[in-house]
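Enquirer: Contents are PDB, C-alpha atoms; file name structure_0.pdb:
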```
ATOM      1  CA  THR A   1     115.287  49.133 135.458
ATOM      2  CA  ALA A   2     116.593  51.227 132.579
ATOM      3  CA  PRO A   3     115.341  51.727 129.022
ATOM      4  CA  ASP A   4     116.796  49.554 126.286
ATOM      5  CA  VAL A   5     120.032  51.228 125.274
ATOM      6  CA  CYS A   6     123.160  49.858 123.650
ATOM      7  CA  LEU A   7     126.526  50.997 124.999
ATOM      8  CA  ASP A   8     129.839  50.778 123.184
ATOM      9  CA  ILE A   9     131.874  47.722 124.208
ATOM     10  CA  THR A  10     134.840  49.887 125.198
ATOM     11  CA  GLU A  11     135.657  53.455 126.041
ATOM     12  CA  ALA A  12     136.413  55.611 123.011
ATOM     13  CA  THR A  13     140.077  55.364 122.054
ATOM     14  CA  THR A  14     142.449  58.089 120.974
ATOM     15  CA  LYS A  15     142.326  56.645 117.464
ATOM     16  CA  ASP A  16     138.515  56.922 117.503
ATOM     17  CA  TYR A  17     138.673  60.542 118.586
ATOM     18  CA  GLU A  18     141.329  61.411 116.031
ATOM     19  CA  SER A  19     138.971  60.142 113.312
ATOM     20  CA  CYS A  20     136.350  62.581 114.557
ATOM     21  CA  VAL A  21     138.860  65.449 114.520
ATOM     22  CA  THR A  22     139.976  64.518 111.006
ATOM     23  CA  ALA A  23     136.344  64.580 109.874
ATOM     24  CA  GLY A  24     135.979  68.091 111.272
ATOM     25  CA  LYS A  25     133.296  67.068 113.772
ATOM     26  CA  CYS A  26     135.462  67.180 116.924
ATOM     27  CA  ASN A  27     138.051  69.662 118.050
ATOM     28  CA  ALA A  28     141.455  68.929 119.525
ATOM     29  CA  SER A  29     141.612  71.921 121.864
ATOM     30  CA  PHE A  30     143.826  71.134 124.870
ATOM     31  CA  VAL A  31     143.529  67.354 124.362
ATOM     32  CA  ASP A  32     147.247  66.859 123.876
ATOM     33  CA  ALA A  33     148.466  69.085 126.684
ATOM     34  CA  CYS A  34     146.070  69.018 129.641
ATOM     35  CA  THR A  35     148.257  66.615 131.630
ATOM     36  CA  GLU A  36     151.367  64.481 131.298
ATOM     37  CA  THR A  37     149.081  61.425 131.128
ATOM     38  CA  THR A  38     147.246  62.593 128.022
ATOM     39  CA  THR A  39     146.869  59.905 125.360
ATOM     40  CA  TYR A  40     146.035  61.867 122.197
ATOM     41  CA  LYS A  41     148.557  61.286 119.403
ATOM     42  CA  LYS A  42     150.991  59.686 121.829
ATOM     43  CA  PRO A  43     152.906  56.789 120.215
ATOM     44  CA  GLY A  44     151.673  53.464 121.530
ATOM     45  CA  LYS A  45     148.516  54.971 123.035
ATOM     46  CA  GLU A  46     146.244  54.623 119.991
ATOM     47  CA  ASP A  47     144.118  51.954 121.700
ATOM     48  CA  HIS A  48     144.050  53.690 125.090
ATOM     49  CA  PRO A  49     141.005  55.655 126.255
ATOM     50  CA  MET A  50     140.687  59.176 124.936
ATOM     51  CA  VAL A  51     141.167  61.545 127.879
ATOM     52  CA  CYS A  52     141.505  65.311 128.367
ATOM     53  CA  ILE A  53     138.138  65.948 126.736
ATOM     54  CA  ASP A  54     135.514  68.109 128.392
ATOM     55  CA  PHE A  55     131.772  67.487 128.374
ATOM     56  CA  THR A  56     131.117  69.333 125.108
ATOM     57  CA  GLN A  57     133.873  67.424 123.312
ATOM     58  CA  ALA A  58     132.489  64.136 124.643
ATOM     59  CA  GLU A  59     129.016  65.022 123.364
ATOM     60  CA  SER A  60     130.385  66.029 119.957
ATOM     61  CA  PHE A  61     132.270  62.765 119.650
ATOM     62  CA  CYS A  62     129.164  60.676 120.336
ATOM     63  CA  LYS A  63     127.085  62.797 117.946
ATOM     64  CA  PHE A  64     129.676  62.166 115.228
ATOM     65  CA  GLN A  65     128.840  58.465 115.528
ATOM     66  CA  ASP A  66     125.078  59.086 115.577
ATOM     67  CA  LYS A  67     125.131  58.193 119.255
ATOM     68  CA  ARG A  68     124.851  60.074 122.552
ATOM     69  CA  LEU A  69     126.176  60.091 126.086
ATOM     70  CA  PRO A  70     124.326  57.694 128.398
ATOM     71  CA  THR A  71     122.354  58.806 131.421
ATOM     72  CA  VAL A  72     123.800  57.764 134.761
ATOM     73  CA  GLU A  73     120.853  55.388 135.250
ATOM     74  CA  VAL A  74     121.597  53.574 132.000
ATOM     75  CA  TRP A  75     125.314  53.512 132.742
ATOM     76  CA  VAL A  76     124.869  52.027 136.229
ATOM     77  CA  TRP A  77     122.314  49.457 135.051
ATOM     78  CA  ALA A  78     124.691  48.213 132.384
ATOM     79  CA  ALA A  79     127.769  48.269 134.631
ATOM     80  CA  ARG A  80     126.012  46.296 137.377
ATOM     81  CA  GLY A  81     124.848  43.576 135.036
ATOM     82  CA  GLY A  82     121.253  44.760 135.182
ATOM     83  CA  ALA A  83     119.218  43.037 137.852
ATOM     84  CA  GLU A  84     122.334  41.197 139.107
ATOM     85  CA  GLY A  85     123.325  44.381 140.912
ATOM     86  CA  ARG A  86     127.061  43.696 140.839
ATOM     87  CA  LEU A  87     129.362  45.863 142.936
ATOM     88  CA  CYS A  88     131.871  46.004 140.075
ATOM     89  CA  SER A  89     131.469  45.247 136.394
ATOM     90  CA  TRP A  90     132.872  41.701 136.783
ATOM     91  CA  GLY A  91     131.024  40.845 139.994
ATOM     92  CA  ASN A  92     131.585  41.278 143.715
ATOM     93  CA  ASP A  93     135.163  40.017 144.020
ATOM     94  CA  ALA A  94     138.119  42.303 144.719
ATOM     95  CA  PRO A  95     139.647  43.799 141.537
ATOM     96  CA  ALA A  96     142.973  41.938 141.756
ATOM     97  CA  GLU A  97     144.131  41.700 138.108
ATOM     98  CA  LEU A  98     140.658  42.243 136.671
ATOM     99  CA  ALA A  99     140.908  45.987 136.134
ATOM    100  CA  CYS A 100     143.207  48.863 135.246
ATOM    101  CA  TRP A 101     143.811  50.365 138.703
ATOM    102  CA  SER A 102     146.567  51.127 141.174
ATOM    103  CA  GLY A 103     145.669  48.563 143.812
ATOM    104  CA  LYS A 104     148.336  45.979 142.982
ATOM    105  CA  ALA A 105     150.997  48.430 141.808
ATOM    106  CA  THR A 106     150.790  52.183 141.347
ATOM    107  CA  ARG A 107     149.980  53.019 137.740
ATOM    108  CA  THR A 108     151.156  56.128 135.937
ATOM    109  CA  GLY A 109     148.482  56.196 133.241
ATOM    110  CA  THR A 110     145.753  54.435 131.311
ATOM    111  CA  CYS A 111     145.634  50.887 129.931
ATOM    112  CA  PRO A 112     144.571  49.717 126.457
ATOM    113  CA  VAL A 113     140.773  49.490 126.391
ATOM    114  CA  LYS A 114     140.813  45.716 125.792
ATOM    115  CA  ALA A 115     143.658  44.889 128.183
ATOM    116  CA  HIS A 116     141.397  43.522 130.929
ATOM    117  CA  PRO A 117     138.864  41.058 129.495
ATOM    118  CA  GLY A 118     138.101  39.905 133.040
ATOM    119  CA  SER A 119     136.412  43.231 133.700
ATOM    120  CA  ALA A 120     133.539  42.375 131.339
ATOM    121  CA  THR A 121     129.910  42.782 132.319
ATOM    122  CA  PRO A 122     127.460  39.975 131.438
ATOM    123  CA  ASP A 123     126.864  41.824 128.153
ATOM    124  CA  GLY A 124     130.585  41.990 127.369
ATOM    125  CA  LEU A 125     131.202  45.669 128.174
ATOM    126  CA  LEU A 126     134.858  46.195 129.095
ATOM    127  CA  GLY A 127     136.459  48.641 131.502
ATOM    128  CA  MET A 128     133.349  49.916 133.236
ATOM    129  CA  SER A 129     135.232  49.567 136.514
ATOM    130  CA  GLY A 130     138.666  51.162 136.324
ATOM    131  CA  ASN A 131     140.819  52.679 133.556
ATOM    132  CA  VAL A 132     138.971  56.013 133.291
ATOM    133  CA  PHE A 133     135.815  57.622 134.596
ATOM    134  CA  GLU A 134     133.206  58.095 131.875
ATOM    135  CA  TRP A 135     131.070  61.159 131.196
ATOM    136  CA  THR A 136     127.296  60.825 131.455
ATOM    137  CA  VAL A 137     124.721  63.353 130.327
ATOM    138  CA  SER A 138     123.153  63.446 133.803
ATOM    139  CA  LYS A 139     123.509  66.570 135.932
ATOM    140  CA  ASN A 140     124.845  66.208 139.450
ATOM    141  CA  ASP A 141     121.908  68.238 140.778
ATOM    142  CA  SER A 142     119.158  70.498 139.485
ATOM    143  CA  LYS A 143     120.991  73.747 140.289
ATOM    144  CA  GLY A 144     124.442  73.361 138.769
ATOM    145  CA  LYS A 145     125.965  72.400 135.437
ATOM    146  CA  ASP A 146     128.250  69.688 136.815
ATOM    147  CA  ARG A 147     127.811  66.250 135.253
ATOM    148  CA  VAL A 148     128.059  62.782 136.713
ATOM    149  CA  GLY A 149     130.955  60.545 135.776
ATOM    150  CA  ARG A 150     131.183  56.881 136.725
ATOM    151  CA  GLY A 151     133.569  53.947 136.697
ATOM    152  CA  GLY A 152     136.609  54.826 138.799
ATOM    153  CA  SER A 153     140.034  55.079 137.221
ATOM    154  CA  TRP A 154     143.598  53.853 136.905
ATOM    155  CA  ARG A 155     144.601  56.171 139.753
ATOM    156  CA  ASP A 156     142.412  54.443 142.333
ATOM    157  CA  GLY A 157     144.172  52.160 144.774
ATOM    158  CA  LEU A 158     141.273  51.106 147.018
ATOM    159  CA  ALA A 159     138.947  48.373 145.767
ATOM    160  CA  ASN A 160     135.730  50.135 146.798
ATOM    161  CA  LEU A 161     136.613  53.073 144.551
ATOM    162  CA  LEU A 162     135.922  50.843 141.539
ATOM    163  CA  ASN A 163     132.354  50.113 142.667
ATOM    164  CA  THR A 164     129.802  50.945 139.983
ATOM    165  CA  GLY A 165     127.807  53.032 142.438
ATOM    166  CA  ARG A 166     130.691  55.351 143.310
ATOM    167  CA  PRO A 167     129.686  58.914 142.444
ATOM    168  CA  GLY A 168     131.872  61.211 140.407
ATOM    169  CA  ARG A 169     131.211  64.896 139.848
ATOM    170  CA  PHE A 170     132.857  66.912 137.102
ATOM    171  CA  GLU A 171     132.461  70.480 135.887
ATOM    172  CA  VAL A 172     131.488  70.563 132.215
ATOM    173  CA  THR A 173     134.757  72.321 131.384
ATOM    174  CA  TYR A 174     136.882  69.847 133.344
ATOM    175  CA  ARG A 175     139.490  67.778 131.538
ATOM    176  CA  CYS A 176     142.050  65.387 132.980
ATOM    177  CA  GLY A 177     143.955  62.170 132.358
ATOM    178  CA  PHE A 178     141.410  59.918 134.077
ATOM    179  CA  LEU A 179     138.085  60.899 132.474
ATOM    180  CA  GLY A 180     136.901  59.638 129.093
ATOM    181  CA  VAL A 181     133.791  58.720 127.140
ATOM    182  CA  ARG A 182     131.658  55.748 126.143
ATOM    183  CA  CYS A 183     128.730  56.368 123.820
ATOM    184  CA  ALA A 184     125.199  55.001 123.823
ATOM    185  CA  ALA A 185     122.578  54.397 121.149
ATOM    186  CA  SER A 186     119.057  53.086 120.878
ATOM    187  CA  PRO A 187     118.935  49.479 119.741
ATOM    188  CA  THR A 188     118.140  49.011 116.085
ATOM    189  CA  SER A 189     115.862  46.241 115.007
ATOM    190  CA  SER A 190     117.079  44.122 112.152
ATOM    191  CA  PRO A 191     114.786  44.085 109.148
ATOM    192  CA  ALA A 192     112.795  40.933 108.691
ATOM    193  CA  ALA A 193     114.286  38.441 106.316
ATOM    194  CA  PRO A 194     112.462  38.214 102.991
ATOM    195  CA  PRO A 195     110.393  35.084 102.493
ATOM    196  CA  PRO A 196     112.184  32.310 100.641
ATOM    197  CA  LYS A 197     111.658  32.251  96.892
ATOM    198  CA  LYS A 198     109.670  29.373  95.547
TER     199      LYS A 198
END
```
What does the file become when written as structure tokens?
Expert:
Amino acid sequence: TAPDVCLDITEATTKDYESCVTAGKCNASFVDACTETTTYKKPGKEDHPMVCIDFTQAESFCKFQDKRLPTVEVWVWAARGGAEGRLCSWGNDAPAELACWSGKATRTGTCPVKAHPGSATPDGLLGMSGNVFEWTVSKNDSKGKDRVGRGGSWRDGLANLLNTGRPGRFEVTYRCGFLGVRCAASPTSSPAAPPPKK
């Protein structure tokens, strides 16, 4: 099991990240030039996942929203549908048209974060299998600084590469066109409704 944590429905978009930069809480270093598949400030890519951000930039973005990066345990629990233990976010079937991946036809970049509603987990989280890997706060091992990323990406052409249990290992300074961010937060309890007036 995993502690109660709420994850964002989608990966952070380029528009989301730009808001953080505009507010002075995120930096735009290298985000528009790390690869030809970058999405930042690219026309038509506003609702695509933000990519080309390293671990520190991902952490800063989540902090800007009063959130944090999830642990790998939380991420996997959510992606697998909790106790259901799904192989992929949508279940155990082959990806087919359910995800942003290169299995049906080779892709050259990301997809809009809401383009594949069939990828949803039981809780409605989209894109946890495919589109882009997602940073977690968890270290790959106790000796190094590398962090775990999960979710597979648009580049993957084999179905098993979209499995929620597939490991990903990224240096904290790494940035590319297939690694993004999804933030987490502790659930907030709604205040009790006031008693009806007599």
Enquirer: Give me, as a PDB file with C-alpha atoms, in the frame of the given file, all polymer residues having an atom no more than 10 Å from A:Thr106, counting all atoms listed in the file and skipping those fewer than 5 positions away in the same chain.
Expert:
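Okay, result.pdb is ready:
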```pdb
ATOM      1  CA  TRP A 101     143.811  50.365 138.703  1.00  0.00           C
ATOM      2  CA  TRP A 154     143.598  53.853 136.905  1.00  0.00           C
ATOM      3  CA  ARG A 155     144.601  56.171 139.753  1.00  0.00           C
ATOM      4  CA  ASP A 156     142.412  54.443 142.333  1.00  0.00           C
ATOM      5  CA  GLY A 157     144.172  52.160 144.774  1.00  0.00           C
TER       6      GLY A 157
END
```
Enquirer: Any idea what's packed within 8 Å of A:Asp8, counting all atoms listed in the file, ignoring anything in its chain fewer than 2 positions away? Could you give it as a count of residues only?
Expert: 7
Enquirer: Within 12 Å of (148.3, 50.6, 143.1), in the coordinates the file gives, what residues turn up when you count all atoms listed in the file, written out as an MDAnalysis selection string?
Expert: chainID A and resid 95:97 99:109 130 153:159
Enquirer: Need the shell around A:Ser119: protein/DNA/RNA residues with any atom at most 7 Å away, counting only C-alpha atoms. Skip same-chain ones fewer than 4 positions apart. Format as a PyMOL selection string?
Expert: chain A and resi 89-90+98-99+126-127
Enquirer: With the PyMOL selection byres ((chain A and resi 86) around 12) as the selection, what would be picked from this file? Answer as an MDAnalysis selection string, please.
Expert: chainID A and resid 76:85 87:94 119:122 128:129 162:165
Enquirer: Include C-alpha atoms and write out the residues we just selected as a PDB file, in the frame of the given file.
Expert:
```
ATOM      1  CA  VAL A  76     124.869  52.027 136.229  1.00  0.00           C
ATOM      2  CA  TRP A  77     122.314  49.457 135.051  1.00  0.00           C
ATOM      3  CA  ALA A  78     124.691  48.213 132.384  1.00  0.00           C
ATOM      4  CA  ALA A  79     127.769  48.269 134.631  1.00  0.00           C
ATOM      5  CA  ARG A  80     126.012  46.296 137.377  1.00  0.00           C
ATOM      6  CA  GLY A  81     124.848  43.576 135.036  1.00  0.00           C
ATOM      7  CA  GLY A  82     121.253  44.760 135.182  1.00  0.00           C
ATOM      8  CA  ALA A  83     119.218  43.037 137.852  1.00  0.00           C
ATOM      9  CA  GLU A  84     122.334  41.197 139.107  1.00  0.00           C
ATOM     10  CA  GLY A  85     123.325  44.381 140.912  1.00  0.00           C
ATOM     11  CA  LEU A  87     129.362  45.863 142.936  1.00  0.00           C
ATOM     12  CA  CYS A  88     131.871  46.004 140.075  1.00  0.00           C
ATOM     13  CA  SER A  89     131.469  45.247 136.394  1.00  0.00           C
ATOM     14  CA  TRP A  90     132.872  41.701 136.783  1.00  0.00           C
ATOM     15  CA  GLY A  91     131.024  40.845 139.994  1.00  0.00           C
ATOM     16  CA  ASN A  92     131.585  41.278 143.715  1.00  0.00           C
ATOM     17  CA  ASP A  93     135.163  40.017 144.020  1.00  0.00           C
ATOM     18  CA  ALA A  94     138.119  42.303 144.719  1.00  0.00           C
ATOM     19  CA  SER A 119     136.412  43.231 133.700  1.00  0.00           C
ATOM     20  CA  ALA A 120     133.539  42.375 131.339  1.00  0.00           C
ATOM     21  CA  THR A 121     129.910  42.782 132.319  1.00  0.00           C
ATOM     22  CA  PRO A 122     127.460  39.975 131.438  1.00  0.00           C
ATOM     23  CA  MET A 128     133.349  49.916 133.236  1.00  0.00           C
ATOM     24  CA  SER A 129     135.232  49.567 136.514  1.00  0.00           C
ATOM     25  CA  LEU A 162     135.922  50.843 141.539  1.00  0.00           C
ATOM     26  CA  ASN A 163     132.354  50.113 142.667  1.00  0.00           C
ATOM     27  CA  THR A 164     129.802  50.945 139.983  1.00  0.00           C
ATOM     28  CA  GLY A 165     127.807  53.032 142.438  1.00  0.00           C
TER      29      GLY A 165
END
```
Enquirer: Using all atoms listed in the file, which residue out of A:Gly180, A:Pro187, A:Pro70, A:Gly149 lies closest to A:Gly168?
Expert: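 Closest residue, counting all atoms listed in the file: A:Gly149.
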